[in-house]
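Below: coords06.txt (compact mmCIF, C-alpha atoms)
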# COMPACT_ATOMS: atom_id res chain seq x y z
CA MET A 1 34.10 5.19 55.43
CA SER A 2 36.45 3.29 53.13
CA SER A 3 36.69 4.28 49.50
CA ARG A 4 35.28 0.86 48.53
CA LEU A 5 32.15 1.42 50.61
CA ARG A 6 31.66 4.84 49.06
CA VAL A 7 31.87 3.44 45.52
CA LEU A 8 29.31 0.62 46.05
CA PRO A 9 26.22 2.89 46.40
CA LEU A 10 27.33 4.79 43.28
CA LEU A 11 27.67 1.59 41.28
CA ALA A 12 24.23 0.47 42.45
CA LEU A 13 22.76 3.79 41.39
CA LEU A 14 24.37 3.56 37.97
CA ALA A 15 23.16 0.00 37.54
CA THR A 16 19.63 1.06 38.40
CA GLY A 17 19.79 3.89 35.91
CA ALA A 18 21.07 1.55 33.18
CA CYS A 19 17.99 -0.64 33.56
CA THR A 20 15.55 2.24 33.31
CA GLU A 21 13.37 1.96 30.17
CA PRO A 22 13.38 4.93 27.83
CA PRO A 23 10.22 7.04 27.92
CA LYS A 24 7.54 5.93 25.46
CA MET A 25 6.65 8.24 22.60
CA ASP A 26 3.21 9.79 22.62
CA PRO A 27 0.93 7.83 20.19
CA LYS A 28 -0.12 11.11 18.57
CA ASP A 29 3.49 11.96 17.83
CA GLN A 30 4.08 8.46 16.49
CA ALA A 31 1.06 8.75 14.21
CA GLU A 32 2.21 12.14 12.93
CA GLY A 33 5.65 10.73 12.20
CA LEU A 34 4.12 7.85 10.26
CA TYR A 35 1.93 10.25 8.30
CA LEU A 36 4.94 12.34 7.30
CA ARG A 37 6.93 9.23 6.44
CA GLY A 38 4.09 7.84 4.32
CA ASN A 39 3.79 11.08 2.36
CA SER A 40 7.53 11.16 1.79
CA GLU A 41 7.50 7.58 0.53
CA TYR A 42 4.57 8.40 -1.76
CA LEU A 43 6.40 11.38 -3.28
CA GLN A 44 9.41 9.14 -3.89
CA GLY A 45 7.24 6.62 -5.72
CA LYS A 46 7.53 4.00 -2.97
CA PHE A 47 3.84 3.21 -2.99
CA ASP A 48 3.87 -0.11 -1.12
CA ALA A 49 6.02 1.40 1.64
CA ALA A 50 3.67 4.39 1.87
CA LEU A 51 0.63 2.14 2.29
CA LYS A 52 2.45 0.24 5.03
CA SER A 53 3.23 3.47 6.89
CA PHE A 54 -0.38 4.61 6.61
CA ASP A 55 -1.57 1.21 7.88
CA GLU A 56 0.68 1.59 10.92
CA MET A 57 -0.67 5.09 11.43
CA LYS A 58 -4.23 3.78 11.30
CA ALA A 59 -3.53 1.49 14.24
CA LEU A 60 -2.54 4.53 16.31
CA ALA A 61 -5.01 7.12 14.99
CA PRO A 62 -7.90 5.38 13.22
CA GLY A 63 -10.05 8.50 13.20
CA ASP A 64 -7.54 10.87 11.59
CA PRO A 65 -9.49 12.48 8.70
CA ARG A 66 -6.33 12.81 6.60
CA LEU A 67 -5.70 9.08 6.49
CA PRO A 68 -8.21 7.82 3.88
CA ALA A 69 -7.37 10.66 1.49
CA ALA A 70 -3.66 9.90 1.83
CA ARG A 71 -4.29 6.21 1.13
CA GLY A 72 -6.54 7.17 -1.78
CA GLU A 73 -3.78 9.23 -3.42
CA VAL A 74 -1.39 6.28 -3.21
CA LEU A 75 -3.93 3.78 -4.56
CA LEU A 76 -4.82 6.18 -7.38
CA SER A 77 -1.16 6.39 -8.37
CA MET A 78 -1.09 2.59 -8.41
CA SER A 79 -4.16 2.55 -10.71
CA ARG A 80 -6.14 0.64 -8.08
CA LEU A 81 -9.18 2.75 -8.89
CA GLU A 82 -11.95 0.86 -7.07
CA GLU A 83 -9.97 0.84 -3.83
CA ALA A 84 -9.01 4.49 -4.27
CA ALA A 85 -12.66 5.45 -4.76
CA LYS A 86 -13.61 3.76 -1.49
CA GLU A 87 -10.87 5.65 0.36
CA PHE A 88 -12.01 9.02 -1.00
CA GLU A 89 -15.61 8.19 -0.15
CA ALA A 90 -14.45 7.47 3.40
CA ALA A 91 -12.50 10.73 3.40
CA LEU A 92 -15.63 12.63 2.39
CA ARG A 93 -17.62 11.12 5.22
CA LEU A 94 -15.02 12.54 7.59
CA ASP A 95 -14.47 15.84 5.77
CA PRO A 96 -17.21 16.58 3.19
CA LYS A 97 -15.99 20.14 2.62
CA ARG A 98 -12.57 19.24 1.28
CA SER A 99 -12.86 20.01 -2.45
CA THR A 100 -9.87 17.88 -3.41
CA ASN A 101 -11.61 14.75 -2.15
CA TRP A 102 -14.58 15.45 -4.43
CA SER A 103 -12.27 16.25 -7.32
CA ARG A 104 -10.29 13.02 -6.93
CA LEU A 105 -13.45 10.96 -6.55
CA GLY A 106 -14.92 12.56 -9.67
CA PHE A 107 -11.78 11.80 -11.65
CA ILE A 108 -11.84 8.15 -10.58
CA GLN A 109 -15.55 7.80 -11.33
CA ALA A 110 -14.93 9.14 -14.82
CA GLN A 111 -12.17 6.57 -15.40
CA LEU A 112 -14.53 3.84 -14.21
CA GLY A 113 -17.20 4.94 -16.69
CA LYS A 114 -19.52 6.39 -14.06
CA LYS A 115 -20.06 9.61 -16.00
CA ASP A 116 -23.11 10.97 -14.19
CA GLU A 117 -21.63 10.33 -10.75
CA ALA A 118 -18.36 11.90 -11.88
CA GLN A 119 -20.18 15.01 -13.11
CA GLN A 120 -21.90 15.43 -9.75
CA SER A 121 -18.71 14.93 -7.74
CA LEU A 122 -16.77 17.39 -9.88
CA GLN A 123 -19.49 20.01 -9.59
CA LYS A 124 -19.39 19.62 -5.80
CA ALA A 125 -15.62 20.16 -5.92
CA LEU A 126 -16.10 23.38 -7.87
CA ALA A 127 -18.84 24.58 -5.54
CA LEU A 128 -16.29 24.41 -2.74
CA HIS A 129 -13.33 25.63 -4.79
CA PRO A 130 -14.28 27.32 -8.12
CA LYS A 131 -10.65 27.37 -9.30
CA ASP A 132 -10.00 23.65 -8.92
CA PHE A 133 -8.28 23.23 -12.29
CA ASN A 134 -8.16 19.45 -12.01
CA ALA A 135 -11.96 19.32 -11.67
CA LEU A 136 -12.36 21.75 -14.56
CA GLU A 137 -10.09 19.67 -16.77
CA GLN A 138 -12.02 16.49 -16.02
CA LEU A 139 -15.32 18.26 -16.71
CA GLY A 140 -13.85 19.36 -20.02
CA GLU A 141 -13.02 15.76 -20.89
CA LEU A 142 -16.54 14.63 -20.02
CA ALA A 143 -18.03 17.43 -22.11
CA GLU A 144 -15.83 16.55 -25.09
CA GLU A 145 -16.80 12.88 -24.83
CA ARG A 146 -20.50 13.67 -25.00
CA GLY A 147 -19.99 16.10 -27.89
CA ASP A 148 -20.59 19.34 -26.00
CA HIS A 149 -17.72 21.18 -27.62
CA ASP A 150 -18.53 24.67 -26.37
CA GLU A 151 -18.63 23.48 -22.79
CA ALA A 152 -15.40 21.52 -23.26
CA VAL A 153 -13.63 24.62 -24.59
CA ARG A 154 -14.95 26.70 -21.70
CA ASP A 155 -13.87 24.14 -19.09
CA PHE A 156 -10.39 23.67 -20.55
CA THR A 157 -9.92 27.43 -20.88
CA GLN A 158 -11.03 28.06 -17.30
CA ALA A 159 -8.76 25.23 -16.14
CA ALA A 160 -5.83 26.88 -17.93
CA GLU A 161 -6.58 30.22 -16.28
CA ALA A 162 -6.72 28.62 -12.81
CA ALA A 163 -3.79 26.23 -13.23
CA PRO A 164 -0.21 26.83 -12.10
CA GLU A 165 2.17 28.09 -14.77
CA ALA A 166 3.54 24.61 -15.51
CA SER A 167 0.10 23.33 -16.55
CA LYS A 168 -1.40 26.35 -18.31
CA SER A 169 -0.14 25.66 -21.81
CA ASP A 170 -1.19 22.00 -21.90
CA LEU A 171 -4.73 22.89 -20.88
CA LEU A 172 -4.91 25.76 -23.34
CA VAL A 173 -3.77 23.49 -26.18
CA ARG A 174 -6.53 21.04 -25.24
CA ALA A 175 -9.10 23.79 -25.76
CA VAL A 176 -7.45 24.64 -29.06
CA ASP A 177 -7.57 21.00 -30.17
CA VAL A 178 -11.34 20.88 -29.59
CA LEU A 179 -11.86 24.01 -31.70
CA THR A 180 -9.47 22.81 -34.40
CA LYS A 181 -11.32 19.50 -34.80
CA GLN A 182 -14.49 21.52 -35.35
CA GLY A 183 -12.83 23.72 -37.97
CA ARG A 184 -13.32 26.85 -35.88
CA GLN A 185 -10.04 28.47 -36.90
CA ASP A 186 -11.04 32.07 -36.15
CA GLU A 187 -11.82 31.10 -32.56
CA VAL A 188 -8.53 29.21 -32.32
CA LEU A 189 -6.62 32.29 -33.36
CA GLY A 190 -8.58 34.52 -31.02
CA LEU A 191 -8.06 32.20 -28.06
CA LEU A 192 -4.32 31.90 -28.67
CA ARG A 193 -3.80 35.61 -29.17
CA LYS A 194 -5.67 36.33 -25.96
CA ALA A 195 -3.64 33.76 -24.00
CA THR A 196 -0.28 34.93 -25.34
CA GLY A 197 -1.32 38.52 -24.66
CA GLN A 198 -1.92 37.48 -21.05
CA GLY A 199 1.59 36.05 -20.80
CA VAL A 200 1.14 32.36 -21.66
CA ARG A 201 4.05 32.21 -24.08
CA THR A 202 5.47 28.71 -23.76
CA PRO A 203 7.10 27.11 -26.81
CA GLU A 204 4.13 24.79 -27.24
CA VAL A 205 1.60 27.62 -27.24
CA LEU A 206 3.74 29.75 -29.53
CA MET A 207 4.12 26.88 -32.00
CA THR A 208 0.36 26.35 -31.94
CA LEU A 209 -0.13 30.09 -32.50
CA GLY A 210 2.30 29.96 -35.44
CA ASP A 211 0.31 27.12 -37.00
CA ALA A 212 -2.93 29.10 -36.59
CA GLU A 213 -1.37 32.21 -38.14
CA VAL A 214 -0.22 30.12 -41.14
CA ARG A 215 -3.75 28.77 -41.63
CA ALA A 216 -5.01 32.35 -41.51
CA GLY A 217 -2.48 33.36 -44.16
CA ARG A 218 -0.65 35.71 -41.80
CA LEU A 219 2.89 34.57 -42.56
CA PRO A 220 4.88 37.40 -40.93
CA GLU A 221 2.97 36.87 -37.67
CA ALA A 222 3.53 33.11 -37.95
CA ALA A 223 7.27 33.60 -38.45
CA ALA A 224 7.42 35.83 -35.38
CA ALA A 225 5.63 33.21 -33.25
CA TYR A 226 7.89 30.40 -34.49
CA GLU A 227 11.00 32.48 -33.89
CA GLU A 228 10.02 33.24 -30.31
CA ALA A 229 9.29 29.53 -29.80
CA ALA A 230 12.72 28.70 -31.21
CA LYS A 231 14.46 31.04 -28.80
CA LYS A 232 12.55 29.56 -25.86
CA SER A 233 13.28 25.96 -26.84
CA PRO A 234 16.99 26.01 -27.71
CA LYS A 235 17.21 22.22 -28.09
CA ASP A 236 14.48 21.96 -30.75
CA PRO A 237 15.63 22.67 -34.33
CA THR A 238 12.14 22.53 -35.88
CA PRO A 239 10.91 26.09 -35.09
CA TRP A 240 13.90 27.62 -36.87
CA GLU A 241 13.21 25.40 -39.88
CA LEU A 242 9.62 26.67 -40.00
CA VAL A 243 10.83 30.27 -39.76
CA ALA A 244 13.11 29.63 -42.74
CA GLU A 245 10.34 28.09 -44.84
CA ILE A 246 8.10 31.09 -44.22
CA GLN A 247 10.85 33.59 -44.99
CA LEU A 248 11.44 31.84 -48.32
CA LYS A 249 7.72 32.15 -49.13
CA LEU A 250 7.94 35.84 -48.25
CA GLY A 251 10.90 36.23 -50.61
CA LYS A 252 13.33 36.96 -47.78
CA ARG A 253 16.14 34.66 -48.84
CA GLU A 254 18.85 35.98 -46.52
CA GLU A 255 16.59 35.73 -43.47
CA ALA A 256 15.68 32.19 -44.52
CA LEU A 257 19.31 31.13 -44.86
CA LYS A 258 20.05 32.60 -41.44
CA ALA A 259 17.15 30.68 -39.88
CA TYR A 260 18.28 27.43 -41.52
CA GLY A 261 21.72 28.10 -40.07
CA GLU A 262 20.23 28.49 -36.59
CA SER A 263 18.42 25.17 -37.03
CA LEU A 264 21.69 23.45 -37.98
CA LYS A 265 23.38 24.89 -34.88
CA VAL A 266 20.82 23.05 -32.78
CA LYS A 267 21.06 19.79 -34.75
CA ASP A 268 22.82 18.99 -38.01
CA ARG A 269 20.14 17.29 -40.13
CA ALA A 270 20.08 16.16 -43.74
CA VAL A 271 16.59 17.53 -44.34
CA VAL A 272 17.79 21.07 -43.58
CA HIS A 273 20.73 20.72 -45.96
CA VAL A 274 18.27 19.54 -48.63
CA ALA A 275 16.13 22.62 -47.99
CA LEU A 276 19.20 24.84 -48.23
CA ALA A 277 20.18 23.18 -51.50
CA ARG A 278 16.76 23.93 -52.95
CA ALA A 279 17.02 27.54 -51.80
CA HIS A 280 20.36 27.83 -53.59
CA LEU A 281 18.92 26.22 -56.74
CA ALA A 282 16.09 28.76 -56.70
CA ALA A 283 18.77 31.45 -56.75
CA ALA A 284 20.60 29.62 -59.58
CA ASP A 285 23.57 28.83 -57.34
CA ARG A 286 24.24 25.23 -58.35
CA ALA A 287 27.66 25.07 -56.72
CA ALA A 288 26.20 25.96 -53.32
CA ALA A 289 23.40 23.44 -53.87
CA GLU A 290 25.94 20.71 -54.66
CA GLY A 291 27.77 21.57 -51.43
CA GLU A 292 24.59 21.24 -49.38
CA LEU A 293 23.81 17.93 -51.12
CA GLN A 294 27.15 16.57 -49.99
CA LYS A 295 26.47 17.69 -46.42
CA ALA A 296 23.06 16.04 -46.60
CA LEU A 297 24.64 12.76 -47.69
CA GLU A 298 27.09 12.98 -44.79
CA THR A 299 24.42 13.62 -42.15
CA VAL A 300 21.47 11.51 -43.34
CA SER A 301 20.33 9.13 -40.61
CA GLY A 302 18.58 6.58 -42.80
CA ALA A 303 15.87 6.12 -40.15
CA ASP A 304 13.42 8.76 -41.46
CA VAL A 305 11.69 7.71 -44.67
CA GLY A 306 10.56 11.27 -45.36
CA GLU A 307 14.11 12.55 -45.08
CA MET A 308 15.34 9.82 -47.43
CA GLN A 309 12.67 10.66 -50.00
CA GLU A 310 13.60 14.36 -49.83
CA LEU A 311 17.22 13.41 -50.43
CA ALA A 312 16.27 11.19 -53.37
CA ASP A 313 14.23 14.03 -54.89
CA LEU A 314 17.20 16.38 -54.61
CA LEU A 315 19.51 13.83 -56.22
CA THR A 316 17.05 13.53 -59.07
CA THR A 317 16.89 17.30 -59.47
CA LEU A 318 20.67 17.48 -59.64
CA GLY A 319 20.83 14.76 -62.27
CA ARG A 320 21.90 11.87 -60.06
CA LYS A 321 18.90 9.67 -60.80
CA GLN A 322 20.70 6.36 -60.37
CA ASP A 323 21.75 7.33 -56.84
CA ALA A 324 18.19 8.43 -56.11
CA LEU A 325 16.80 5.13 -57.40
CA ARG A 326 19.17 3.15 -55.20
CA ILE A 327 17.87 5.02 -52.14
CA LEU A 328 14.21 4.53 -53.08
CA THR A 329 14.67 0.86 -54.01
CA SER A 330 16.41 0.13 -50.73
CA LEU A 331 13.69 1.90 -48.77
CA GLY A 332 10.86 0.25 -50.64
CA ALA A 333 12.26 -3.23 -50.09
CA GLU A 334 12.14 -2.88 -46.31
CA PRO A 335 9.15 -4.72 -44.77
CA GLY A 336 8.10 -1.66 -42.81
CA HIS A 337 7.75 0.40 -46.00
CA ALA A 338 6.28 -2.22 -48.33
CA LYS A 339 2.78 -0.69 -47.98
CA ASN A 340 3.93 2.89 -48.45
CA VAL A 341 2.14 3.46 -51.77
CA GLU A 342 3.61 6.92 -52.34
CA LEU A 343 7.13 5.57 -51.91
CA GLN A 344 6.50 2.59 -54.20
CA LEU A 345 4.98 4.80 -56.91
CA SER A 346 7.92 7.22 -56.73
CA THR A 347 10.27 4.27 -57.10
CA ALA A 348 8.33 2.86 -60.05
CA ARG A 349 8.21 6.21 -61.88
CA LEU A 350 11.93 6.82 -61.49
CA ALA A 351 12.73 3.23 -62.49
CA ARG A 352 10.59 3.64 -65.61
CA ASP A 353 12.51 6.81 -66.54
CA LEU A 354 15.77 4.89 -66.13
CA LYS A 355 14.41 1.92 -68.12
CA ASP A 356 14.68 -0.53 -65.22
CA PRO A 357 11.65 -2.86 -65.76
CA ALA A 358 12.55 -5.26 -62.95
CA THR A 359 12.42 -2.48 -60.35
CA VAL A 360 9.20 -1.12 -61.89
CA GLN A 361 7.60 -4.56 -61.62
CA ALA A 362 8.73 -5.08 -58.00
CA ALA A 363 7.46 -1.66 -56.89
CA CYS A 364 4.12 -2.07 -58.69
CA ALA A 365 3.64 -5.52 -57.13
CA ARG A 366 3.96 -3.90 -53.70
CA VAL A 367 1.44 -1.22 -54.71
CA ALA A 368 -1.04 -3.92 -55.74
CA ALA A 369 -0.48 -5.84 -52.50
CA ALA A 370 -1.03 -2.65 -50.45
CA ALA A 371 -4.38 -1.91 -52.15
CA THR A 372 -6.35 -4.23 -49.85
CA ASP A 373 -9.34 -1.86 -49.65
CA GLY A 374 -10.36 -2.52 -53.21
CA GLY A 375 -9.08 0.81 -54.46
CA VAL A 376 -7.32 1.03 -57.81
CA VAL A 377 -3.94 2.73 -58.00
CA LYS A 378 -2.40 3.30 -61.40
CA CYS A 379 1.21 2.17 -61.43
CA PRO A 380 3.67 3.00 -64.24
Encoding of this model in structure tokens:
Amino acid sequence: MSSRLRVLPLLALLATGACTEPPKMDPKDQAEGLYLRGNSEYLQGKFDAALKSFDEMKALAPGDPRLPAARGEVLLSMSRLEEAAKEFEAALRLDPKRSTNWSRLGFIQAQLGKKDEAQQSLQKALALHPKDFNALEQLGELAEERGDHDEAVRDFTQAAEAAPEASKSDLLVRAVDVLTKQGRQDEVLGLLRKATGQGVRTPEVLMTLGDAEVRAGRLPEAAAAYEEAAKKSPKDPTPWELVAEIQLKLGKREEALKAYGESLKVKDRAVVHVALARAHLAAADRAAAEGELQKALETVSGADVGEMQELADLLTTLGRKQDALRILTSLGAEPGHAKNVELQLSTARLARDLKDPATVQAACARVAAAATDGGVVKCP
């Protein structure tokens, strides 16, 4: 046989193979792929794309019990609450023993104002999964709304105990807030000490514990809590500042100066230099106070009215009343501060001392304009 004749059958075979259609993917595998893709899109915040993937999945596997819950999560994230509720209701018809479906439905019902229905759904979630911290948190919110403070504290506390580490402190602080609003400071302190003793020692919880210790008059314990919070939140200068203030009250000047120094390492702020200046003045070290005043003037932002008032007070203390008045007058003339009665009164008093009647009159006019509630404020 010639070589040409041998090649022809081979070419025909190859041509036939080239026209063969690729094997079709199993619909179940396609549906699974769409489910995974939809979840990935959801986690990336691509909600419209996720819904499209789940719609395509539905065409292949309409009875998949995971589908309505997946769609519900996406719709919930899009704040389409009515639609999300219908999806979770459908999910429960397919899988009534999935606690998360009840928990999500209860949350949505609460947002829609359906309090009784929400309560029932959340209780069903807990019956299936007693440590569902999302359900417990929502029950706590419902209890707080209806004024059942004890139940709210219990629910938030149980939610904190069941929650992952990242959520524990927020839930614990919610329980503390309920007790604080009711003036139940002893219970606040007890709850925080118990939680920190069990290892919940986030900066937020430690700061809250420090505040509670201050209210209880336990300043050394408060300083210790603030210091631990400072070390665990190295980008926040405030805890070190609080440590310093307490150490000054305890008469520990050197420890206070060290804490102020740690605060300045985190962020150089005028208000800390003002505090340092006052600490030096208390120790009769005027030269050091003058040095801190200069640093305060160099670092003042001008955006914080409280900081500016502190600076003006220090200038007044150090005999620079005209400079202080210029700061207060400038602040008081800004539209955003025109109704700040305390600021206007401070300006008027200092202007009176400096015999500046025009500034006194302008500040007092703003005080009168701010007294829209009929109250009477005596202006110099």
Worksheet entry | Near-Arg218 (chain A) list (12 Å; all atoms listed in the file; drop same-chain fewer than 6 positions) as a ChimeraX atom specification | /A:189,209-212,224-225,246,249-250
Worksheet item: Can you tell me, as an NGL selection string, which residues sit within 7 Å of (-10.5, 10.8, 2.1) in the file's frame, using only C-alpha atoms?
Response: :A and (65-70 or 72 or 87-92 or 101)
Keeping only C-alpha atoms, write those residues as an mmCIF file, keeping the file's coordinate frame.
data_model
loop_
_atom_site.group_PDB
_atom_site.id
_atom_site.type_symbol
_atom_site.label_atom_id
_atom_site.label_comp_id
_atom_site.auth_asym_id
_atom_site.auth_seq_id
_atom_site.Cartn_x
_atom_site.Cartn_y
_atom_site.Cartn_z
ATOM 1 C CA PRO A 65 -9.490 12.480 8.700
ATOM 2 C CA ARG A 66 -6.330 12.810 6.600
ATOM 3 C CA LEU A 67 -5.700 9.080 6.490
ATOM 4 C CA PRO A 68 -8.210 7.820 3.880
ATOM 5 C CA ALA A 69 -7.370 10.660 1.490
ATOM 6 C CA ALA A 70 -3.660 9.900 1.830
ATOM 7 C CA GLY A 72 -6.540 7.170 -1.780
ATOM 8 C CA GLU A 87 -10.870 5.650 0.360
ATOM 9 C CA PHE A 88 -12.010 9.020 -1.000
ATOM 10 C CA GLU A 89 -15.610 8.190 -0.150
ATOM 11 C CA ALA A 90 -14.450 7.470 3.400
ATOM 12 C CA ALA A 91 -12.500 10.730 3.400
ATOM 13 C CA LEU A 92 -15.630 12.630 2.390
ATOM 14 C CA ASN A 101 -11.610 14.750 -2.150
#
Worksheet item: Mind listing as JSON, numbers by chain all residues within 9 Å of (0.1, 11.2, -8.2), counting only C-alpha atoms?
Response: {"A": [42, 43, 45, 73, 74, 76, 77, 78]}
Worksheet item: Distance CA of His280 (chain A)-CA of Glu227 (chain A), one decimal place?
Response: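 So the two atoms, CA of His280 (chain A) and CA of Glu227 (chain A), lie 22.3 Å apart.
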Item to complete: Kindly give the distance, in Å, that separates CA of Thr347 (chain A) and CA of Leu328 (chain A), rounded to a single decimal.
Response: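 So the answer is 5.6 Å.
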Discussion item. Counting all atoms listed in the file, which residue out of A:Ala338, A:Pro220, A:Arg269, A:Arg326 sits closest to Asp313 (chain A)?
Written reply: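 Nearest to Asp313 (chain A): A:Arg326.
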Fill in: CA of Ser169 (chain A) to CA of Leu122 (chain A), distance in Å rounded to a single decimal
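Taking CA of Ser169 (chain A) as the start and CA of Leu122 (chain A) as the end point, the length is 22.1 Å.
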Worksheet item: Can you list, as a ChimeraX atom specification, every protein, DNA or RNA residue that comes within 12 Å of Lys58 (chain A) when you count only C-alpha atoms, leaving out same-chain residues fewer than 6 positions away?
Response: /A:27-28,30-32,34-35,38,51-52,64-68,70-71
Fill in: Nearby residues (all atoms listed in the file) at most 6 Å from region 240-244 of chain A, same-chain spacing under 2 positions excluded, as a ChimeraX atom specification
/A:223,230,237-238,246-247,256,259-260,263
Discussion item. Taking all atoms listed in the file into account, name the residue in A:Glu307, A:Asp170, A:Glu221, A:Glu213 that is nearest to His273 (chain A).
Written reply: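 Of A:Glu307, A:Asp170, A:Glu221, A:Glu213, the one nearest His273 (chain A), counting all atoms listed in the file, is A:Glu307.
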Worksheet entry | Nearest candidate to Ser330 (chain A) (options A:Arg184, A:Leu105, A:Met308, A:Thr316; using all atoms listed in the file) |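 That would be A:Met308, the residue with the smallest distance to Ser330 (chain A).
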Worksheet entry | Distance query Val200 (chain A) at most 10 Å, all atoms listed in the file, self and fewer than 4 positions along chain excluded, as a ChimeraX atom specification | /A:160-161,165,168-169,172,192-196,204-206
Discussion item. Applying 9 Å and all atoms listed in the file, which residues near Leu81 (chain A) remain after dropping the ones on its own chain fewer than 5 positions away? List them as a list in words.
Written reply: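 Once the adjacent positions are removed, what remains is Gly72, Leu75, Leu76, Lys86, Ile108, Gln109, Gln111 and Leu112 of chain A.
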Worksheet item: Which residue out of A:Ala296, A:Ala59, A:Leu325, A:Ala371 has the minimum interatomic distance to Arg349 (chain A) when all atoms listed in the file are used?
Response: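 Of the candidates, the smallest distance to Arg349 (chain A) is held by A:Leu325.
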Worksheet entry | Using all atoms listed in the file: which of A:Leu191, A:Leu36, A:Ala279, A:Leu345 has the shortest distance to Val178 (chain A) |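 Nearest candidate to Val178 (chain A) out of A:Leu191, A:Leu36, A:Ala279, A:Leu345: A:Leu191.
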